[in-house]
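Here is the structure we will look at, set down as structure tokens.
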Amino acid sequence: MPEDALFNEEKLAELHQIANGNMDFLNKIATTYIKQFEAKYPELQSAVEAKDYSRVEQLAHLLKGASYSVGLEQTALLFHDLEVAGENAHLDGANETLATIESHSKRFLSEWNTHFEQFT
């Protein structure tokens with residue numbers, strides 16, 4: 001897996017199998033993830049800024065699970081780091097982590113589409 005690979009290929013293969021080649025289904029999965037990300041990520045940023053540790057832990061946990069579900073393993077691991085940081089009330093470096101997550105989110109849709117278009 002290349003260093004900057006966004007997706008876990010096995011998870012994407014699994015999703016493709018579940019979808020049975022149905023691009024509408026795969027698009028719905030992607031759209032659901034994006035909607036959840038767009039709704040919760042700004043809340044997470046605010047929680048980090050406010051040092052609301054329990055909220056950071058809660059939101060990071062939610063977004064970690066969502067990221068795993070679409071094969072965004074690296075992103076999920078970053079959310080895991082934030083979740084643990086919230087749990088430990090220690091948010092040093094959280095802004096750098098958020099910036100990396102944001103750069104992943106900007107790549108998500110185009111790389112998702114590129115991946116699945118090869119099957120259509």
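Letters A, B, ... mark the chains of the structure tokens in the order given; residue numbers begin at 1 per chain; ligand numbers begin at 1, in order shown.
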Quick one: everything within 8 Å of range 45-47 of chain A, counting only C-alpha atoms, minus sequence neighbours fewer than 5 positions away in the same chain. Send it as a VMD selection string. chain A and resid 52 to 53 55 to 56 98
Please produce a file of the residues just selected, as a short mmCIF file (atom, residue, chain, number, x, y, z; two decimals), in the first residue's frame, where the atoms kept are all heavy atoms.
data_model
loop_
_atom_site.label_atom_id
_atom_site.label_comp_id
_atom_site.auth_asym_id
_atom_site.auth_seq_id
_atom_site.Cartn_x
_atom_site.Cartn_y
_atom_site.Cartn_z
N ASP A 52 -13.18 20.92 24.51
CA ASP A 52 -14.28 20.13 25.04
C ASP A 52 -13.92 18.66 24.81
O ASP A 52 -14.29 18.05 23.80
CB ASP A 52 -15.58 20.52 24.30
CG ASP A 52 -16.80 19.77 24.81
OD1 ASP A 52 -16.64 18.74 25.49
OD2 ASP A 52 -17.92 20.22 24.52
N TYR A 53 -13.17 18.11 25.76
CA TYR A 53 -12.54 16.80 25.57
C TYR A 53 -13.54 15.68 25.31
O TYR A 53 -13.32 14.84 24.43
CB TYR A 53 -11.65 16.46 26.77
CG TYR A 53 -10.55 17.45 26.99
CD1 TYR A 53 -10.48 18.21 28.16
CD2 TYR A 53 -9.55 17.65 26.03
CE1 TYR A 53 -9.46 19.14 28.37
CE2 TYR A 53 -8.53 18.56 26.24
CZ TYR A 53 -8.49 19.30 27.40
OH TYR A 53 -7.49 20.21 27.60
N ARG A 55 -16.49 15.85 24.07
CA ARG A 55 -17.11 16.03 22.74
C ARG A 55 -16.12 15.63 21.64
O ARG A 55 -16.51 15.02 20.64
CB ARG A 55 -17.54 17.50 22.59
CG ARG A 55 -18.42 17.76 21.39
CD ARG A 55 -19.86 17.33 21.64
NE ARG A 55 -20.66 17.51 20.43
CZ ARG A 55 -21.34 16.53 19.84
NH1 ARG A 55 -21.33 15.32 20.36
NH2 ARG A 55 -22.04 16.74 18.75
N VAL A 56 -14.85 15.98 21.83
CA VAL A 56 -13.82 15.57 20.86
C VAL A 56 -13.79 14.05 20.77
O VAL A 56 -13.82 13.48 19.68
CB VAL A 56 -12.41 16.10 21.27
CG1 VAL A 56 -11.31 15.45 20.43
CG2 VAL A 56 -12.36 17.62 21.12
N LEU A 98 -6.13 17.50 12.39
CA LEU A 98 -7.33 17.97 11.69
C LEU A 98 -6.99 18.41 10.26
O LEU A 98 -7.75 18.12 9.32
CB LEU A 98 -7.97 19.14 12.45
CG LEU A 98 -8.71 18.77 13.74
CD1 LEU A 98 -9.08 20.03 14.51
CD2 LEU A 98 -9.95 17.94 13.46
#
Tell me, as a ChimeraX atom specification, which residues lie within 8 Å of range 62-71 of chain A, counting only C-alpha atoms; anything in the same chain fewer than 4 positions away does not count. /A:7-9,11-12,15,29-30,33,36-37,40-41,58,75-80
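The two atoms in question, CA of Ala60 in chain A and CA of Phe116 in chain A, are spaced 27.2 Å apart.
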What is the CA of Glu87 in chain A to CA of His61 in chain A distance in Å?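 So the answer is 10.4 Å.
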